[in-house]
Structures are given as C-alpha cells and as structure tokens.
$ cat structure.pdb   # PDB, C-alpha atoms
ATOM      1  CA  MET S  10       4.054  -7.118  10.273  1.00  0.00           C
ATOM      2  CA  LYS S  11       1.116  -9.531  10.505  1.00  0.00           C
ATOM      3  CA  TYR S  12      -2.077  -9.350   8.455  1.00  0.00           C
ATOM      4  CA  SER S  13      -5.224  -8.780  10.518  1.00  0.00           C
ATOM      5  CA  VAL S  14      -8.122 -11.240  10.461  1.00  0.00           C
ATOM      6  CA  VAL S  15     -11.643 -10.977  11.864  1.00  0.00           C
ATOM      7  CA  ILE S  16     -13.709 -14.100  12.503  1.00  0.00           C
ATOM      8  CA  VAL S  17     -17.479 -13.969  11.963  1.00  0.00           C
ATOM      9  CA  GLU S  18     -18.935 -17.128  13.521  1.00  0.00           C
ATOM     10  CA  ASP S  19     -21.948 -17.630  15.774  1.00  0.00           C
ATOM     11  CA  HIS S  20     -20.590 -20.733  17.546  1.00  0.00           C
ATOM     12  CA  ILE S  21     -18.458 -19.428  20.398  1.00  0.00           C
ATOM     13  CA  LEU S  22     -16.319 -22.521  20.955  1.00  0.00           C
ATOM     14  CA  LEU S  23     -15.515 -22.807  17.254  1.00  0.00           C
ATOM     15  CA  SER S  24     -14.681 -19.110  16.920  1.00  0.00           C
ATOM     16  CA  GLN S  25     -12.376 -19.331  19.926  1.00  0.00           C
ATOM     17  CA  ALA S  26     -10.666 -22.414  18.490  1.00  0.00           C
ATOM     18  CA  LEU S  27     -10.236 -20.678  15.124  1.00  0.00           C
ATOM     19  CA  SER S  28      -8.840 -17.634  16.867  1.00  0.00           C
ATOM     20  CA  GLY S  29      -6.186 -19.755  18.548  1.00  0.00           C
ATOM     21  CA  LEU S  30      -5.257 -21.411  15.250  1.00  0.00           C
ATOM     22  CA  VAL S  31      -4.942 -18.192  13.276  1.00  0.00           C
ATOM     23  CA  ASN S  32      -2.976 -16.454  16.015  1.00  0.00           C
ATOM     24  CA  GLY S  33      -0.513 -19.311  15.763  1.00  0.00           C
ATOM     25  CA  PHE S  34       0.191 -18.574  12.084  1.00  0.00           C
ATOM     26  CA  ASP S  35       3.326 -16.553  11.372  1.00  0.00           C
ATOM     27  CA  LYS S  36       1.683 -14.014   9.066  1.00  0.00           C
ATOM     28  CA  PHE S  37      -1.675 -13.464  10.765  1.00  0.00           C
ATOM     29  CA  LYS S  38      -3.314 -12.176  13.932  1.00  0.00           C
ATOM     30  CA  ILE S  39      -6.939 -12.045  15.060  1.00  0.00           C
ATOM     31  CA  LEU S  40      -8.283  -8.530  15.471  1.00  0.00           C
ATOM     32  CA  TYR S  41     -11.588  -9.562  17.063  1.00  0.00           C
ATOM     33  CA  ILE S  42     -14.524 -11.994  16.747  1.00  0.00           C
ATOM     34  CA  CYS S  43     -18.143 -11.289  15.765  1.00  0.00           C
ATOM     35  CA  LYS S  44     -21.264 -13.452  16.095  1.00  0.00           C
ATOM     36  CA  ASN S  45     -23.004 -12.239  12.914  1.00  0.00           C
ATOM     37  CA  GLY S  46     -22.767  -9.851  10.000  1.00  0.00           C
ATOM     38  CA  LYS S  47     -24.682  -7.025  11.643  1.00  0.00           C
ATOM     39  CA  GLU S  48     -22.212  -6.947  14.512  1.00  0.00           C
ATOM     40  CA  LEU S  49     -19.328  -6.923  12.032  1.00  0.00           C
ATOM     41  CA  LEU S  50     -20.680  -3.964  10.043  1.00  0.00           C
ATOM     42  CA  THR S  51     -21.253  -2.074  13.272  1.00  0.00           C
ATOM     43  CA  ARG S  52     -17.643  -2.640  14.295  1.00  0.00           C
ATOM     44  CA  PHE S  53     -16.465  -1.517  10.857  1.00  0.00           C
ATOM     45  CA  LYS S  54     -17.739   2.013  11.546  1.00  0.00           C
ATOM     46  CA  ASP S  55     -14.453   2.521  13.380  1.00  0.00           C
ATOM     47  CA  PRO S  56     -11.644   2.442  10.751  1.00  0.00           C
ATOM     48  CA  LYS S  57      -9.349   0.794  13.298  1.00  0.00           C
ATOM     49  CA  ASN S  58     -11.606  -2.279  13.213  1.00  0.00           C
ATOM     50  CA  ILE S  59     -11.307  -2.904   9.448  1.00  0.00           C
ATOM     51  CA  PRO S  60      -9.075  -5.979   8.860  1.00  0.00           C
ATOM     52  CA  ASP S  61      -7.241  -7.350   5.857  1.00  0.00           C
ATOM     53  CA  ILE S  62      -9.326 -10.556   5.787  1.00  0.00           C
ATOM     54  CA  VAL S  63     -12.686 -11.656   7.170  1.00  0.00           C
ATOM     55  CA  LEU S  64     -13.067 -15.375   7.887  1.00  0.00           C
ATOM     56  CA  MET S  65     -16.798 -15.704   7.290  1.00  0.00           C
ATOM     57  CA  ASP S  66     -19.333 -18.325   8.328  1.00  0.00           C
ATOM     58  CA  ILE S  67     -22.472 -18.569   6.188  1.00  0.00           C
ATOM     59  CA  ASN S  68     -25.361 -19.742   8.365  1.00  0.00           C
ATOM     60  CA  MET S  69     -25.720 -17.134  11.107  1.00  0.00           C
ATOM     61  CA  PRO S  70     -28.681 -15.400  12.764  1.00  0.00           C
ATOM     62  CA  ILE S  71     -29.632 -11.744  12.136  1.00  0.00           C
ATOM     63  CA  MET S  72     -27.349 -11.335   9.087  1.00  0.00           C
ATOM     64  CA  ASN S  73     -25.846 -14.344   7.302  1.00  0.00           C
ATOM     65  CA  GLY S  74     -22.529 -14.684   5.522  1.00  0.00           C
ATOM     66  CA  ILE S  75     -23.848 -14.174   1.992  1.00  0.00           C
ATOM     67  CA  GLU S  76     -25.631 -10.939   2.909  1.00  0.00           C
ATOM     68  CA  THR S  77     -22.629  -9.717   4.864  1.00  0.00           C
ATOM     69  CA  THR S  78     -20.161 -10.532   2.083  1.00  0.00           C
ATOM     70  CA  ALA S  79     -22.290  -8.630  -0.436  1.00  0.00           C
ATOM     71  CA  ALA S  80     -22.393  -5.633   1.914  1.00  0.00           C
ATOM     72  CA  LEU S  81     -18.621  -5.722   2.356  1.00  0.00           C
ATOM     73  CA  LYS S  82     -18.100  -5.873  -1.404  1.00  0.00           C
ATOM     74  CA  GLU S  83     -20.218  -2.745  -1.758  1.00  0.00           C
ATOM     75  CA  GLU S  84     -18.927  -0.726   1.191  1.00  0.00           C
ATOM     76  CA  TYR S  85     -15.454  -2.132   1.921  1.00  0.00           C
ATOM     77  CA  PRO S  86     -14.159  -3.690  -1.333  1.00  0.00           C
ATOM     78  CA  GLN S  87     -10.568  -3.710  -0.038  1.00  0.00           C
ATOM     79  CA  VAL S  88     -11.490  -6.318   2.593  1.00  0.00           C
ATOM     80  CA  LYS S  89     -11.033  -9.905   1.414  1.00  0.00           C
ATOM     81  CA  VAL S  90     -13.597 -12.495   2.504  1.00  0.00           C
ATOM     82  CA  LEU S  91     -12.693 -16.157   2.960  1.00  0.00           C
ATOM     83  CA  ALA S  92     -15.784 -18.307   3.541  1.00  0.00           C
ATOM     84  CA  LEU S  93     -15.603 -21.089   6.128  1.00  0.00           C
ATOM     85  CA  SER S  94     -18.686 -23.274   6.284  1.00  0.00           C
ATOM     86  CA  VAL S  95     -20.108 -26.782   6.612  1.00  0.00           C
ATOM     87  CA  GLU S  96     -22.234 -26.096   3.511  1.00  0.00           C
ATOM     88  CA  GLU S  97     -21.246 -28.252   0.527  1.00  0.00           C
ATOM     89  CA  ASP S  98     -24.282 -27.349  -1.564  1.00  0.00           C
ATOM     90  CA  GLU S  99     -23.121 -25.929  -4.893  1.00  0.00           C
ATOM     91  CA  ASN S 100     -25.838 -23.255  -4.942  1.00  0.00           C
ATOM     92  CA  THR S 101     -24.664 -21.926  -1.574  1.00  0.00           C
ATOM     93  CA  ILE S 102     -21.043 -21.881  -2.739  1.00  0.00           C
ATOM     94  CA  LEU S 103     -22.071 -20.155  -5.971  1.00  0.00           C
ATOM     95  CA  LYS S 104     -24.031 -17.485  -4.073  1.00  0.00           C
ATOM     96  CA  MET S 105     -21.072 -16.867  -1.780  1.00  0.00           C
ATOM     97  CA  LEU S 106     -18.681 -16.465  -4.709  1.00  0.00           C
ATOM     98  CA  ARG S 107     -21.080 -14.132  -6.491  1.00  0.00           C
ATOM     99  CA  ALA S 108     -21.433 -12.086  -3.308  1.00  0.00           C
ATOM    100  CA  GLY S 109     -17.695 -11.466  -3.432  1.00  0.00           C
ATOM    101  CA  ALA S 110     -15.964 -14.198  -1.428  1.00  0.00           C
ATOM    102  CA  LYS S 111     -12.375 -14.761  -2.545  1.00  0.00           C
ATOM    103  CA  GLY S 112     -12.283 -18.353  -1.366  1.00  0.00           C
ATOM    104  CA  TYR S 113     -14.383 -21.133   0.143  1.00  0.00           C
ATOM    105  CA  LEU S 114     -13.275 -23.615   2.799  1.00  0.00           C
ATOM    106  CA  LEU S 115     -15.163 -26.421   4.501  1.00  0.00           C
ATOM    107  CA  LYS S 116     -14.946 -26.468   8.279  1.00  0.00           C
ATOM    108  CA  ASP S 117     -13.333 -29.900   8.365  1.00  0.00           C
ATOM    109  CA  THR S 118     -10.293 -28.537   6.517  1.00  0.00           C
ATOM    110  CA  GLU S 119      -6.798 -29.101   7.865  1.00  0.00           C
ATOM    111  CA  LYS S 120      -4.851 -26.414   9.731  1.00  0.00           C
ATOM    112  CA  SER S 121      -2.202 -26.186   7.001  1.00  0.00           C
ATOM    113  CA  ILE S 122      -4.852 -25.643   4.320  1.00  0.00           C
ATOM    114  CA  LEU S 123      -6.435 -22.838   6.328  1.00  0.00           C
ATOM    115  CA  GLU S 124      -3.083 -21.111   6.692  1.00  0.00           C
ATOM    116  CA  ASN S 125      -2.291 -21.508   2.997  1.00  0.00           C
ATOM    117  CA  ALA S 126      -5.757 -20.227   2.053  1.00  0.00           C
ATOM    118  CA  LEU S 127      -5.265 -17.082   4.134  1.00  0.00           C
ATOM    119  CA  ILE S 128      -1.870 -16.501   2.529  1.00  0.00           C
ATOM    120  CA  GLN S 129      -3.194 -17.024  -1.004  1.00  0.00           C
ATOM    121  CA  VAL S 130      -6.225 -14.795  -0.480  1.00  0.00           C
ATOM    122  CA  GLN S 131      -4.053 -12.016   0.902  1.00  0.00           C
ATOM    123  CA  GLU S 132      -1.236 -12.290  -1.640  1.00  0.00           C
ATOM    124  CA  THR S 133      -2.975 -13.401  -4.860  1.00  0.00           C
ATOM    125  CA  GLY S 134      -6.582 -12.368  -4.325  1.00  0.00           C
ATOM    126  CA  PHE S 135      -8.350 -15.748  -4.283  1.00  0.00           C
ATOM    127  CA  TYR S 136      -8.130 -19.373  -3.134  1.00  0.00           C
ATOM    128  CA  HIS S 137     -10.226 -22.464  -3.812  1.00  0.00           C
ATOM    129  CA  THR S 138      -9.456 -25.834  -2.237  1.00  0.00           C
ATOM    130  CA  LYS S 139      -9.120 -28.921  -4.377  1.00  0.00           C
ATOM    131  CA  ASP S 140     -11.851 -30.565  -2.286  1.00  0.00           C
ATOM    132  CA  VAL S 141     -14.429 -27.896  -3.068  1.00  0.00           C
ATOM    133  CA  THR S 142     -13.371 -27.591  -6.709  1.00  0.00           C
ATOM    134  CA  ASN S 143     -13.492 -31.354  -7.213  1.00  0.00           C
ATOM    135  CA  LEU S 144     -16.822 -31.522  -5.437  1.00  0.00           C
ATOM    136  CA  LEU S 145     -18.334 -29.085  -7.914  1.00  0.00           C
ATOM    137  CA  LEU S 146     -16.714 -29.808 -11.242  1.00  0.00           C
ATOM    138  CA  GLY S 147     -14.368 -32.745 -11.049  1.00  0.00           C
ATOM    139  CA  SER S 148     -10.701 -32.236 -11.739  1.00  0.00           C
ATOM    140  CA  LEU S 149      -9.906 -29.154 -13.812  1.00  0.00           C
ATOM    141  CA  ASN S 150      -6.673 -29.357 -15.781  1.00  0.00           C
ATOM    142  CA  PRO S 151      -4.817 -25.998 -15.692  1.00  0.00           C
ATOM    143  CA  LYS S 152      -2.934 -26.887 -18.911  1.00  0.00           C
ATOM    144  CA  GLU S 153      -6.206 -27.409 -20.720  1.00  0.00           C
ATOM    145  CA  ASP S 154      -7.484 -24.046 -19.448  1.00  0.00           C
ATOM    146  CA  LYS S 155      -4.530 -22.204 -21.017  1.00  0.00           C
ATOM    147  CA  GLU S 156      -4.988 -23.904 -24.394  1.00  0.00           C
ATOM    148  CA  VAL S 157      -8.688 -23.066 -24.684  1.00  0.00           C
ATOM    149  CA  VAL S 158      -9.563 -20.216 -27.043  1.00  0.00           C
ATOM    150  CA  LEU S 159     -12.946 -18.665 -26.371  1.00  0.00           C
ATOM    151  CA  LYS S 160     -14.867 -16.641 -28.930  1.00  0.00           C
ATOM    152  CA  ASP S 161     -16.116 -13.168 -28.036  1.00  0.00           C
ATOM    153  CA  ARG S 162     -19.720 -14.348 -27.823  1.00  0.00           C
ATOM    154  CA  GLU S 163     -18.694 -17.232 -25.587  1.00  0.00           C
ATOM    155  CA  VAL S 164     -16.961 -14.807 -23.238  1.00  0.00           C
ATOM    156  CA  GLU S 165     -20.087 -12.652 -23.285  1.00  0.00           C
ATOM    157  CA  PHE S 166     -22.179 -15.706 -22.393  1.00  0.00           C
ATOM    158  CA  ILE S 167     -19.831 -16.598 -19.511  1.00  0.00           C
ATOM    159  CA  LYS S 168     -20.158 -13.093 -18.062  1.00  0.00           C
ATOM    160  CA  HIS S 169     -23.953 -13.390 -18.166  1.00  0.00           C
ATOM    161  CA  ALA S 170     -23.779 -16.878 -16.633  1.00  0.00           C
ATOM    162  CA  CYS S 171     -21.931 -15.454 -13.623  1.00  0.00           C
ATOM    163  CA  THR S 172     -25.022 -13.437 -12.687  1.00  0.00           C
ATOM    164  CA  GLU S 173     -28.368 -14.566 -11.260  1.00  0.00           C
ATOM    165  CA  LYS S 174     -29.948 -14.583 -14.734  1.00  0.00           C
ATOM    166  CA  THR S 175     -31.684 -17.690 -16.030  1.00  0.00           C
ATOM    167  CA  TYR S 176     -30.564 -19.127 -19.356  1.00  0.00           C
ATOM    168  CA  LYS S 177     -33.800 -17.815 -20.874  1.00  0.00           C
ATOM    169  CA  GLU S 178     -32.967 -14.293 -19.669  1.00  0.00           C
ATOM    170  CA  ILE S 179     -29.438 -14.623 -21.017  1.00  0.00           C
ATOM    171  CA  ALA S 180     -30.854 -15.623 -24.398  1.00  0.00           C
ATOM    172  CA  SER S 181     -33.030 -12.498 -24.407  1.00  0.00           C
ATOM    173  CA  ASP S 182     -30.135 -10.216 -23.443  1.00  0.00           C
ATOM    174  CA  MET S 183     -27.912 -11.690 -26.158  1.00  0.00           C
ATOM    175  CA  CYS S 184     -30.727 -11.603 -28.737  1.00  0.00           C
ATOM    176  CA  LEU S 185     -30.440 -15.348 -29.279  1.00  0.00           C
ATOM    177  CA  SER S 186     -32.829 -18.260 -28.961  1.00  0.00           C
ATOM    178  CA  PRO S 187     -32.815 -20.377 -25.772  1.00  0.00           C
ATOM    179  CA  LYS S 188     -31.711 -23.332 -27.912  1.00  0.00           C
ATOM    180  CA  THR S 189     -28.673 -21.395 -29.162  1.00  0.00           C
ATOM    181  CA  ILE S 190     -27.785 -20.453 -25.585  1.00  0.00           C
ATOM    182  CA  GLU S 191     -27.991 -24.097 -24.575  1.00  0.00           C
ATOM    183  CA  GLY S 192     -25.582 -24.809 -27.423  1.00  0.00           C
ATOM    184  CA  TYR S 193     -23.155 -22.169 -26.123  1.00  0.00           C
ATOM    185  CA  ARG S 194     -23.404 -23.657 -22.640  1.00  0.00           C
ATOM    186  CA  ASP S 195     -22.799 -27.236 -23.728  1.00  0.00           C
ATOM    187  CA  SER S 196     -19.925 -26.236 -26.010  1.00  0.00           C
ATOM    188  CA  ILE S 197     -18.206 -24.195 -23.289  1.00  0.00           C
ATOM    189  CA  PHE S 198     -18.656 -26.923 -20.692  1.00  0.00           C
ATOM    190  CA  GLU S 199     -17.015 -29.377 -23.100  1.00  0.00           C
ATOM    191  CA  LYS S 200     -14.174 -26.987 -23.989  1.00  0.00           C
ATOM    192  CA  LEU S 201     -13.361 -26.260 -20.355  1.00  0.00           C
ATOM    193  CA  ASN S 202     -14.036 -29.746 -19.003  1.00  0.00           C
ATOM    194  CA  LEU S 203     -16.735 -28.444 -16.659  1.00  0.00           C
ATOM    195  CA  LYS S 204     -19.821 -30.140 -15.279  1.00  0.00           C
ATOM    196  CA  ASN S 205     -22.028 -27.295 -14.115  1.00  0.00           C
ATOM    197  CA  ARG S 206     -22.616 -23.545 -13.930  1.00  0.00           C
ATOM    198  CA  THR S 207     -20.847 -23.230 -10.589  1.00  0.00           C
ATOM    199  CA  GLY S 208     -17.701 -24.593 -12.167  1.00  0.00           C
ATOM    200  CA  LEU S 209     -18.048 -22.019 -14.925  1.00  0.00           C
ATOM    201  CA  VAL S 210     -18.174 -19.207 -12.356  1.00  0.00           C
ATOM    202  CA  ILE S 211     -15.029 -20.487 -10.643  1.00  0.00           C
ATOM    203  CA  TYR S 212     -13.282 -20.701 -14.026  1.00  0.00           C
ATOM    204  CA  ALA S 213     -14.411 -17.164 -14.898  1.00  0.00           C
ATOM    205  CA  ILE S 214     -13.085 -15.789 -11.607  1.00  0.00           C
ATOM    206  CA  LYS S 215      -9.732 -17.554 -11.952  1.00  0.00           C
ATOM    207  CA  SER S 216      -9.439 -16.427 -15.572  1.00  0.00           C
ATOM    208  CA  LYS S 217     -10.424 -12.855 -14.659  1.00  0.00           C
ATOM    209  CA  ILE S 218     -13.354 -12.981 -17.076  1.00  0.00           C
ATOM    210  CA  PHE S 219     -15.618 -12.162 -14.132  1.00  0.00           C
ATOM    211  CA  THR S 220     -14.696 -10.167 -11.032  1.00  0.00           C
ATOM    212  CA  PRO S 221     -16.930 -10.646  -7.970  1.00  0.00           C
TER
END
$ encode --input "structure.pdb" --output "structure tokens"
Amino acid sequence: MKYSVVIVEDHILLSQALSGLVNGFDKFKILYICKNGKELLTRFKDPKNIPDIVLMDINMPIMNGIETTAALKEEYPQVKVLALSVEEDENTILKMLRAGAKGYLLKDTEKSILENALIQVQETGFYHTKDVTNLLLGSLNPKEDKEVVLKDREVEFIKHACTEKTYKEIASDMCLSPKTIEGYRDSIFEKLNLKNRTGLVIYAIKSKIFTP
C-alpha cells in the first residue's frame, strides 16, 4: 500500500515534474495536483480526496501555503504538510512551522532527500533538512540536546517563544521584566547552542516541548 500525496503548486511544469518524481518512489503516489490553497480545501470536501501528505508551496495566488497549512491544522489535523519552497528567509520558515508544517524543503533539494523527507514525515511526524537547519542555527549537536536540563520557567519561556508574542508580551505574561526575559533567552540560546528564535522553535518541536 502506498501513501497518498497531494501537490499544491502554482507552477504547472514544476508540479508535473514533482508528480513524476513522487510517483516513482516506492512508498508514495500522487492523488492529484492543486494550484493554490483554496482549490485544495475545496477538493478536501470529498473525503476521498484527503491524502496522507500535502507537499505545499508557500508563495501562491488566492491562498498561500502558510494560510492553507494553518487551515489544514485546524480542520484536517491528521494531514501532514511538508513545505517545498524557494524561500530561505527565516521568518517565512518560522511562520510555516508555526502554521503546522511538519517539515521544510528548499526546491533545489535532491530527489533522494525529498523521498526521505516524505518517509520521515509519514513515519515519525516531522523532518528538517540539514541545509535548512544549518541555515537558521548552525550545526545543532543532538548529544548536547540530550544533556541539557531546562528549568520549568525556561520551558515556559520556550512555549511562549513559539508563538507570535513579542519578548515584551512574554515578559508581561510571565510577570517578569523584559530584562529578565532577555536573560532567559540568552541563557537558553547558550545552553542549546542556538543562534536565533527560529532555531528555538525547531528545537521545541523536535523535543516535543511545542506541538504545531
């Protein structure tokens, strides 16, 4: 039995090429292709059209990938979204992860990486390429992650940091001063060997501190 995949991509030639690639993978088959998120949600009204995975572009007309992923998280949480985009901007990646994407691939990725990403998203629940991870936060040592012990308040801060709140708003919610929050942030970044807030979100997702 093959897992079903839907491609949401407004460039016809690219979507057709992706369809051919995915159909060539042993564990996957393309169910259909959509040009934007609105078309996808319309197709989803028929239960037969709901796939295991959606391979989602971000920049699309009518309804973009971030909006569509958020809608899927709300209405069809069982569907896993794997983002596929040319966007390397960390804010865009962060928004996509917050919206509920289980992985993020750049469009210049290799065929084998795409296949592995689909497998990992389906079988383990998430996938992040080394290229994207390194782009955002430098190398992250898994051994160091396991040895880190976070205090309850640090975990609380991380959960807040995975939302759209500013650091000032987080300080207010935690009844702390902005300076104290900055101290939490800097301490956690040092503990986890992170460089920015996006890296913290990825760590939180992998560590199951935060669930998109």
$ closest_residue --input "structure.pdb" --among "S:Asp19, S:Asp98, S:Ile190, S:Ser181" --to "S:Phe166" --atoms "all atoms listed in the file"
S:Ile190
$ atom_distance --input "structure.pdb" --atom1 "atom CA of S:Leu91" --atom2 "atom CA of S:Tyr176"
28.7 Å
$ resolve_selection --input "structure.pdb" --expression "the PyMOL selection byres ((chain S and resi 211) around 10)" --output "VMD selection string"
chain S and resid 103 106 to 107 112 137 142 145 to 146 171 206 to 210 212 to 217 219
$ resolve_selection --input "structure.pdb" --expression "the PyMOL selection byres ((chain S and resi 127) around 12)" --output "number ranges by chain"
S: 11-15, 30-31, 34-38, 61-64, 89-93, 111-114, 120-126, 128-138
$ residues_near_point --input "structure.pdb" --point "(-27.3, -9.8, 12.9)" --cutoff "7 Å" --atoms "all atoms listed in the file" --output "list in words"
Asn45, Gly46, Lys47, Glu48, Pro70, Ile71 and Met72 of chain S
$ closest_residue --input "structure.pdb" --among "S:Val164, S:Leu22, S:Leu185, S:Leu115" --to "S:Asp66" --atoms "all atoms listed in the file"
S:Leu115
$ closest_residue --input "structure.pdb" --among "S:Ala180, S:Val17, S:Pro221, S:Lys174" --to "S:Ala79" --atoms "only C-alpha atoms"
S:Pro221
$ axis_aligned_box --input "structure.pdb" --around "stretch 78-91 of chain S" --padding-each-side "5 Å" --output "lines of an AutoDock Vina configuration file"
center_x = -16.5
center_y = -8.4
center_z = 0.6
size_x = 21.8
size_y = 25.4
size_z = 14.7
$ closest_residue --input "structure.pdb" --among "S:Lys57, S:Lys116, S:His20, S:Lys188" --to "S:Tyr41" --atoms "only C-alpha atoms"
S:Lys57
$ atom_distance --input "structure.pdb" --atom1 "atom CA of S:Ser94" --atom2 "atom CA of S:Pro60"
20.0 Å
$ atom_distance --input "structure.pdb" --atom1 "atom CA of S:Glu99" --atom2 "atom CA of S:Asn205"
9.4 Å
$ closest_residue --input "structure.pdb" --among "S:Ile16, S:Asn202, S:Asn68, S:Lys104" --to "S:Cys43" --atoms "only C-alpha atoms"
S:Ile16
$ closest_residue --input "structure.pdb" --among "S:Glu178, S:Glu173, S:Asp195, S:Glu163" --to "S:Ile218" --atoms "only C-alpha atoms"
S:Glu163
$ resolve_selection --input "structure.pdb" --expression "the PyMOL selection byres ((chain S and resi 159) around 12)" --output "list in words"
Asp154, Lys155, Glu156, Val157, Val158, Lys160, Asp161, Arg162, Glu163, Val164, Glu165, Phe166, Ile167, Tyr193, Ser196, Ile197, Phe198, Glu199, Lys200, Leu201, Ala213, Ser216 and Ile218 of chain S
$ build_atoms --input "structure.pdb" --residues "stretch 11-22 of chain S" --atoms "N, CA, C and O atoms" --output "PDB file, in the coordinates of the input"
ATOM      1  N   LYS S  11       2.080  -8.473  10.758  1.00  0.00           N
ATOM      2  CA  LYS S  11       1.116  -9.531  10.505  1.00  0.00           C
ATOM      3  C   LYS S  11      -0.167  -8.956   9.906  1.00  0.00           C
ATOM      4  O   LYS S  11      -0.577  -7.840  10.220  1.00  0.00           O
ATOM      5  N   TYR S  12      -0.799  -9.747   9.026  1.00  0.00           N
ATOM      6  CA  TYR S  12      -2.077  -9.350   8.455  1.00  0.00           C
ATOM      7  C   TYR S  12      -3.182  -9.583   9.490  1.00  0.00           C
ATOM      8  O   TYR S  12      -3.172 -10.572  10.222  1.00  0.00           O
ATOM      9  N   SER S  13      -4.145  -8.676   9.534  1.00  0.00           N
ATOM     10  CA  SER S  13      -5.224  -8.780  10.518  1.00  0.00           C
ATOM     11  C   SER S  13      -6.405  -9.577   9.973  1.00  0.00           C
ATOM     12  O   SER S  13      -6.761  -9.468   8.797  1.00  0.00           O
ATOM     13  N   VAL S  14      -6.991 -10.381  10.833  1.00  0.00           N
ATOM     14  CA  VAL S  14      -8.122 -11.240  10.461  1.00  0.00           C
ATOM     15  C   VAL S  14      -9.244 -11.072  11.483  1.00  0.00           C
ATOM     16  O   VAL S  14      -8.998 -11.023  12.688  1.00  0.00           O
ATOM     17  N   VAL S  15     -10.468 -10.985  11.001  1.00  0.00           N
ATOM     18  CA  VAL S  15     -11.643 -10.977  11.864  1.00  0.00           C
ATOM     19  C   VAL S  15     -12.446 -12.242  11.593  1.00  0.00           C
ATOM     20  O   VAL S  15     -12.642 -12.622  10.429  1.00  0.00           O
ATOM     21  N   ILE S  16     -12.890 -12.895  12.636  1.00  0.00           N
ATOM     22  CA  ILE S  16     -13.709 -14.100  12.503  1.00  0.00           C
ATOM     23  C   ILE S  16     -15.170 -13.732  12.730  1.00  0.00           C
ATOM     24  O   ILE S  16     -15.513 -13.070  13.711  1.00  0.00           O
ATOM     25  N   VAL S  17     -16.036 -14.164  11.806  1.00  0.00           N
ATOM     26  CA  VAL S  17     -17.479 -13.969  11.963  1.00  0.00           C
ATOM     27  C   VAL S  17     -18.105 -15.357  12.048  1.00  0.00           C
ATOM     28  O   VAL S  17     -18.213 -16.067  11.046  1.00  0.00           O
ATOM     29  N   GLU S  18     -18.495 -15.749  13.242  1.00  0.00           N
ATOM     30  CA  GLU S  18     -18.935 -17.128  13.521  1.00  0.00           C
ATOM     31  C   GLU S  18     -19.824 -17.104  14.758  1.00  0.00           C
ATOM     32  O   GLU S  18     -19.440 -16.548  15.790  1.00  0.00           O
ATOM     33  N   ASP S  19     -21.015 -17.698  14.657  1.00  0.00           N
ATOM     34  CA  ASP S  19     -21.948 -17.630  15.774  1.00  0.00           C
ATOM     35  C   ASP S  19     -21.731 -18.715  16.828  1.00  0.00           C
ATOM     36  O   ASP S  19     -22.318 -18.659  17.904  1.00  0.00           O
ATOM     37  N   HIS S  20     -20.905 -19.702  16.545  1.00  0.00           N
ATOM     38  CA  HIS S  20     -20.590 -20.733  17.546  1.00  0.00           C
ATOM     39  C   HIS S  20     -19.340 -20.310  18.320  1.00  0.00           C
ATOM     40  O   HIS S  20     -18.238 -20.269  17.757  1.00  0.00           O
ATOM     41  N   ILE S  21     -19.527 -20.014  19.590  1.00  0.00           N
ATOM     42  CA  ILE S  21     -18.458 -19.428  20.398  1.00  0.00           C
ATOM     43  C   ILE S  21     -17.238 -20.338  20.501  1.00  0.00           C
ATOM     44  O   ILE S  21     -16.097 -19.885  20.310  1.00  0.00           O
ATOM     45  N   LEU S  22     -17.455 -21.615  20.791  1.00  0.00           N
ATOM     46  CA  LEU S  22     -16.319 -22.521  20.955  1.00  0.00           C
ATOM     47  C   LEU S  22     -15.509 -22.629  19.665  1.00  0.00           C
ATOM     48  O   LEU S  22     -14.278 -22.633  19.687  1.00  0.00           O
TER      49      LEU S  22
END
